[in-house]
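One structure is given below, encoded as structure tokens.
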Amino acid sequence: MNDTNNTTSSIDLSRQELRDLVRAQLQMLLEAGDLAGAKAILVPVQPADIAEAVEGLPEAMHALAFRLLSKDEAIEVYEYLDYSIQERLISELRSQEVRDVVDRMSPDDRAKLFDELPAKVVNRLLEQLSLAEREATAQLLGYEAGTAGRIMTPELISLKEHLTVEQTLERIRQLADSSEIIYYLYVTDNALHLSGIVSLRELVISHPNKPIGEIMTREVVFVNTDTDQEEVARLIQRYDFLAVPVVDREKRLVGIVTVDDVIDILQAENTEDIYAVGGGVQSSGDNYFQINLLKVARKRVVWLLVLLVTNTVTGAIITAEEDVLAKVVKLAAFIPLLTGTGGNVGAQSSTVVIRGMNTGELRSFGALQVVGREALAGALLGGMLGVIATFWAVMLQKDLAVAIVVGCSLLAISILASVSGSALPFLFRLLRLDPALMSAPFITTAVDVAGVLIYFNLARLILNI
């Protein structure tokens with residue numbers, strides 16, 4: 001097993017080294033003006049790796065490197081590029097080059113690109129598309145953003161029940177180039193209502209003269225055009241589909257969502273949640289490290305100001321308890337330990353709950369059940385940490401009473417942090433707010449303020465101050 005892991009790591013490392021080498025050589029040849037040599041080194045490289053190499057070049061070289069590619073290769077590479085680079089290339093390439101690339105993109109990828117572009121640019125590009133591609137793109141853009149209709153592709157193969165297996169295979173040969181996926185084939189009636197699905201495997205192993213109506217599956221899992229894209233992603237993930245059909249309000253088949261689109265959605269969703277939980281940063285889909293630093297600062301400063309105000313409130317509470325600190329100065333040494341531990345416990349609880357919300361793991365659990373479970377987990381954690389902190393405080397301060405205050409406070413704060421961390425995501429979802437974005441600063445606020453109050457009140461009680 002270890003040998004397998006080591007082999008996989010070596011392969012991944014060599015691929016990364018290859019991409020870095022291609023980028024470095026490509027940049028060196030472009031700087032030297034050797035366009036023939038630059039074009040030659042890209043010939044054996046995969047489109048995804050070429051896109052990564054182009055992204056690593058200085059901005060001024062993006063269009064030059066892109067023009068080295070053949071028309072077919074340019075289409076593939078373009079779809080792998082970051083949206084910011086796609087937009088920049090549109091403004092730098094000649095009109096005909098842009099038309100050739102955009103016109104031959106798949107409709108769903110084109111719709112994603114248009115979502116990122118200014119309206120004026122989109123209108124200009126739409127006018128340059130062929131009639132068929134313009135209608136396909138306009139259809140997708142007509143659906144609400146973030147829905148199955150917006151991310152689907154209308155490029156699919158539909159069949160009728162009366163066709164034989166042999167006729168179906170011939171139809172696949174004729175239409176394979178105009179369909180994004182051929183592993184699943186969808187059967188419709190004369191009104192285009194979805195009536196069944198048949199896999200390529202079933203076709204291959206069936207008798208050539210058998211009608212597909214006899215081998216198709218009639219219980220089809222499908223989504224509607226207005227189904228949320230994240231629900232579509234979870235559905236494909238749950239059933240291990242390569243694609244899922246999309247129907248309109250009249251149950252007519254209008255497109256499919258493929259697994260490659262789902263991977264992009266899940267990656268974007270996870271990125272957004274990580275940014276939000278990690279620091280209250282909303283990700284708009286752009287590469288975070290390519291965003292203007294001023295824009296980054298504006299995104300991050302809001303929640304930092306919230307935390308600044310929180311710390312001011314916490315400081316005010318500590319100031320109000322000067323009489324307690326004056327009598328037992330030793331208490332001050334443990335305030336950072338208690339608030340820091342409480343914040344970490346709360347962050348852990350909120351992370352597992354938000355993750356459970358996104359993956360559907362909490363579908364069969366009620367909010368009270370989840371909060372209760374996390375409260376027990378907080379009690380167990382607080383108990384273990386409280387015992388350790390008590391012994392540590394005795395060794396540090398040589399004062400058993402103060403050590404007991406610290407240990408009891410840590411237990412209470414851990415329970416509070418677990419309850420806050422698990423309950424707030426449910427509350428914010430109920431209020432139609434983003435749990436990932438909102439939870440972190442509010443958990444910090446609750447734990448810091450309430451934790452300090454708990455600590456000083458327990459000190460008054462146990463130390464008889």
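Each chain of the structure tokens is named A, B, ... in the order shown, its residues numbered from 1; ligands are numbered from 1 in display order.
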Problem - range 80-92 of chain A surroundings by only C-alpha atoms, 7 Å radius, close-in-sequence under 6 positions cut, as a PyMOL selection string - result: chain A and resi 48+51+63+98+113+116-117
Preceding selection exported with all heavy atoms as an mmCIF file, in the first residue's frame:
```cif
data_model
loop_
_atom_site.group_PDB
_atom_site.id
_atom_site.type_symbol
_atom_site.label_atom_id
_atom_site.label_comp_id
_atom_site.auth_asym_id
_atom_site.auth_seq_id
_atom_site.Cartn_x
_atom_site.Cartn_y
_atom_site.Cartn_z
ATOM 1 N N ALA A 48 -5.093 20.741 -20.803
ATOM 2 C CA ALA A 48 -5.193 21.245 -19.426
ATOM 3 C C ALA A 48 -3.841 21.737 -18.926
ATOM 4 O O ALA A 48 -3.755 22.753 -18.213
ATOM 5 C CB ALA A 48 -5.731 20.153 -18.496
ATOM 6 N N ALA A 51 -2.985 25.056 -20.623
ATOM 7 C CA ALA A 51 -3.712 26.150 -19.980
ATOM 8 C C ALA A 51 -3.007 26.598 -18.711
ATOM 9 O O ALA A 51 -2.869 27.801 -18.453
ATOM 10 C CB ALA A 51 -5.149 25.715 -19.666
ATOM 11 N N ALA A 63 -1.805 36.274 -24.846
ATOM 12 C CA ALA A 63 -2.356 36.247 -26.202
ATOM 13 C C ALA A 63 -1.354 35.671 -27.194
ATOM 14 O O ALA A 63 -1.724 34.909 -28.099
ATOM 15 C CB ALA A 63 -2.771 37.654 -26.625
ATOM 16 N N VAL A 98 -11.615 35.392 -31.987
ATOM 17 C CA VAL A 98 -12.565 35.272 -30.882
ATOM 18 C C VAL A 98 -13.809 34.528 -31.346
ATOM 19 O O VAL A 98 -14.312 33.637 -30.658
ATOM 20 C CB VAL A 98 -12.950 36.671 -30.345
ATOM 21 C CG1 VAL A 98 -14.095 36.564 -29.351
ATOM 22 C CG2 VAL A 98 -11.749 37.342 -29.714
ATOM 23 N N LEU A 113 -18.846 31.506 -19.428
ATOM 24 C CA LEU A 113 -17.970 32.606 -19.813
ATOM 25 C C LEU A 113 -18.751 33.908 -19.891
ATOM 26 O O LEU A 113 -18.306 34.946 -19.378
ATOM 27 C CB LEU A 113 -17.320 32.298 -21.164
ATOM 28 C CG LEU A 113 -16.545 33.449 -21.827
ATOM 29 C CD1 LEU A 113 -15.357 33.859 -20.966
ATOM 30 C CD2 LEU A 113 -16.085 33.054 -23.220
ATOM 31 N N GLU A 116 -19.397 35.921 -16.808
ATOM 32 C CA GLU A 116 -18.278 36.650 -16.229
ATOM 33 C C GLU A 116 -17.930 37.921 -17.005
ATOM 34 O O GLU A 116 -17.158 38.753 -16.529
ATOM 35 C CB GLU A 116 -17.027 35.745 -16.189
ATOM 36 C CG GLU A 116 -17.201 34.454 -15.416
ATOM 37 C CD GLU A 116 -17.415 34.680 -13.938
ATOM 38 O OE1 GLU A 116 -16.849 35.643 -13.404
ATOM 39 O OE2 GLU A 116 -18.156 33.899 -13.317
ATOM 40 N N LEU A 117 -18.505 38.076 -18.208
ATOM 41 C CA LEU A 117 -18.132 39.195 -19.077
ATOM 42 C C LEU A 117 -19.095 40.362 -18.923
ATOM 43 O O LEU A 117 -20.267 40.171 -18.576
ATOM 44 C CB LEU A 117 -18.125 38.731 -20.537
ATOM 45 C CG LEU A 117 -17.093 37.667 -20.921
ATOM 46 C CD1 LEU A 117 -17.297 37.225 -22.359
ATOM 47 C CD2 LEU A 117 -15.677 38.184 -20.722
#
```
Handout entry: Residues within 7 Å of range 154-168 of chain A, only C-alpha atoms, excluding chain neighbours under 6 positions, as a PyMOL selection string
Key = chain A and resi 178-181+185-189+203+207-213+254-256
Exercise for the section: For range 104-107 of chain A, work out the shell of residues within 10 Å, counting only C-alpha atoms and skipping chain neighbours fewer than 3 positions away, then give it as a PyMOL selection string. Expected result: chain A and resi 71-72+75-76+78-79+99-101+110-113+129-130+133-141+150-155+178-180
Practice task
List every residue of range 176-278 of chain A that DSSP, applied to the backbone, labels as strand (DSSP E), and write the result as a PyMOL selection string.
Solution key: chain A and resi 184-188+194-199+223-224+243-247+253-258
Okay, now the selection with C-alpha atoms, as a PDB file, in the first residue's frame?
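The file below, part-v7.pdb, is the result:
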```pdb
ATOM      1  CA  TYR A 184     -26.210   7.658 -21.647  1.00  0.00           C
ATOM      2  CA  LEU A 185     -28.922   7.953 -24.282  1.00  0.00           C
ATOM      3  CA  TYR A 186     -32.334   9.382 -23.529  1.00  0.00           C
ATOM      4  CA  VAL A 187     -35.627   8.140 -24.946  1.00  0.00           C
ATOM      5  CA  THR A 188     -38.467  10.592 -25.575  1.00  0.00           C
ATOM      6  CA  LEU A 194     -38.594  12.039 -21.202  1.00  0.00           C
ATOM      7  CA  SER A 195     -39.741   8.400 -21.064  1.00  0.00           C
ATOM      8  CA  GLY A 196     -36.585   6.370 -20.462  1.00  0.00           C
ATOM      9  CA  ILE A 197     -32.813   6.001 -20.510  1.00  0.00           C
ATOM     10  CA  VAL A 198     -30.505   3.408 -22.007  1.00  0.00           C
ATOM     11  CA  SER A 199     -26.770   3.038 -21.504  1.00  0.00           C
ATOM     12  CA  VAL A 223     -33.877  17.385 -12.422  1.00  0.00           C
ATOM     13  CA  ASN A 224     -35.881  20.417 -13.450  1.00  0.00           C
ATOM     14  CA  ALA A 243     -24.789  12.915 -16.398  1.00  0.00           C
ATOM     15  CA  VAL A 244     -28.345  13.697 -15.322  1.00  0.00           C
ATOM     16  CA  PRO A 245     -31.178  14.761 -17.678  1.00  0.00           C
ATOM     17  CA  VAL A 246     -32.858  18.150 -17.301  1.00  0.00           C
ATOM     18  CA  VAL A 247     -36.556  18.658 -18.073  1.00  0.00           C
ATOM     19  CA  LEU A 253     -36.117  16.870 -22.197  1.00  0.00           C
ATOM     20  CA  VAL A 254     -34.101  20.055 -22.771  1.00  0.00           C
ATOM     21  CA  GLY A 255     -30.541  19.124 -21.800  1.00  0.00           C
ATOM     22  CA  ILE A 256     -28.138  17.283 -19.523  1.00  0.00           C
ATOM     23  CA  VAL A 257     -25.745  18.260 -16.741  1.00  0.00           C
ATOM     24  CA  THR A 258     -22.470  16.334 -16.977  1.00  0.00           C
TER      25      THR A 258
END
```
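The neighbours of range 419-431 of chain A here are the residues that come within 6 Å of it, using only C-alpha atoms and leaving out any residue fewer than 4 positions away in the same chain; they are Gly346, Ser349, Ser350, Val353, Val371, Ala375 and Pro435 of chain A.
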Problem - All alpha helix (DSSP H) residues (DSSP, backbone) inside range 229-414 of chain A, as a ChimeraX atom specification - result: /A:229-239,259-279,293-320,322-327,335-359,367-397,400-414
Practice task
Find the residues around Ile462 in chain A up to 10 Å (only C-alpha atoms counted), leave out those fewer than 4 positions away in its own chain, and share them as a PyMOL selection string.
Solution key: chain A and resi 401-402+404-405+408+456-458
Just to be explicit: take each residue in the selection above, keep all heavy atoms, and write the result as a short mmCIF file (atom, residue, chain, number, x, y, z; two decimals), in the first residue's frame.
```cif
data_model
loop_
_atom_site.label_atom_id
_atom_site.label_comp_id
_atom_site.auth_asym_id
_atom_site.auth_seq_id
_atom_site.Cartn_x
_atom_site.Cartn_y
_atom_site.Cartn_z
N ALA A 401 -7.25 27.11 44.13
CA ALA A 401 -8.54 27.76 43.90
C ALA A 401 -8.61 28.40 42.51
O ALA A 401 -9.60 28.26 41.79
CB ALA A 401 -8.80 28.80 44.98
N VAL A 402 -7.56 29.11 42.14
CA VAL A 402 -7.51 29.72 40.80
C VAL A 402 -7.52 28.63 39.73
O VAL A 402 -8.19 28.77 38.69
CB VAL A 402 -6.25 30.60 40.66
CG1 VAL A 402 -6.06 31.04 39.20
CG2 VAL A 402 -6.36 31.82 41.56
N ILE A 404 -8.93 25.73 39.89
CA ILE A 404 -10.30 25.19 39.78
C ILE A 404 -11.19 26.14 38.98
O ILE A 404 -12.00 25.71 38.16
CB ILE A 404 -10.89 24.94 41.18
CG1 ILE A 404 -10.13 23.80 41.87
CG2 ILE A 404 -12.38 24.64 41.10
CD1 ILE A 404 -10.54 23.57 43.31
N VAL A 405 -11.01 27.43 39.19
CA VAL A 405 -11.76 28.43 38.40
C VAL A 405 -11.46 28.26 36.91
O VAL A 405 -12.36 28.27 36.07
CB VAL A 405 -11.40 29.86 38.86
CG1 VAL A 405 -12.02 30.88 37.89
CG2 VAL A 405 -11.90 30.10 40.27
N CYS A 408 -13.05 24.86 35.59
CA CYS A 408 -14.51 24.94 35.47
C CYS A 408 -14.93 25.88 34.34
O CYS A 408 -15.89 25.63 33.61
CB CYS A 408 -15.11 25.41 36.80
SG CYS A 408 -14.95 24.21 38.14
N PHE A 456 -15.20 35.38 34.99
CA PHE A 456 -15.19 36.29 36.15
C PHE A 456 -16.30 35.95 37.16
O PHE A 456 -16.09 36.09 38.37
CB PHE A 456 -15.31 37.74 35.69
CG PHE A 456 -14.02 38.28 35.14
CD1 PHE A 456 -13.91 38.64 33.81
CD2 PHE A 456 -12.90 38.43 35.96
CE1 PHE A 456 -12.71 39.13 33.29
CE2 PHE A 456 -11.71 38.93 35.46
CZ PHE A 456 -11.61 39.27 34.13
N ASN A 457 -17.44 35.51 36.70
CA ASN A 457 -18.51 35.14 37.62
C ASN A 457 -18.17 33.89 38.41
O ASN A 457 -18.47 33.77 39.60
CB ASN A 457 -19.82 34.95 36.86
CG ASN A 457 -20.52 36.28 36.56
OD1 ASN A 457 -21.06 36.93 37.45
ND2 ASN A 457 -20.48 36.70 35.29
N LEU A 458 -17.53 32.93 37.74
CA LEU A 458 -17.07 31.73 38.47
C LEU A 458 -15.99 32.10 39.47
O LEU A 458 -15.91 31.52 40.57
CB LEU A 458 -16.54 30.67 37.48
CG LEU A 458 -17.62 29.87 36.73
CD1 LEU A 458 -16.96 28.94 35.70
CD2 LEU A 458 -18.44 29.02 37.72
#
```
Handout entry: Exercise: Gln237 in chain A partners within 10 Å, only C-alpha atoms, chain neighbours under 2 positions left out, as a PyMOL selection string
Key = chain A and resi 231-235+239-242+259+262-263+266+359
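Among the candidates A:Leu304, A:Ile415, A:Val352, A:Ile317, the residue lying nearest to Gly372 in chain A is A:Ile415 (atoms considered: only C-alpha atoms).
Closest to Gln229 in chain A among A:Tyr143, A:Ala297, A:Asp49, A:Leu305 is A:Tyr143, based on only C-alpha atoms.
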Exercise for the section: State, in Å with one decimal place, the distance from CA of Gly142 in chain A to CA of Gln128 in chain A. Expected result: 18.6 Å
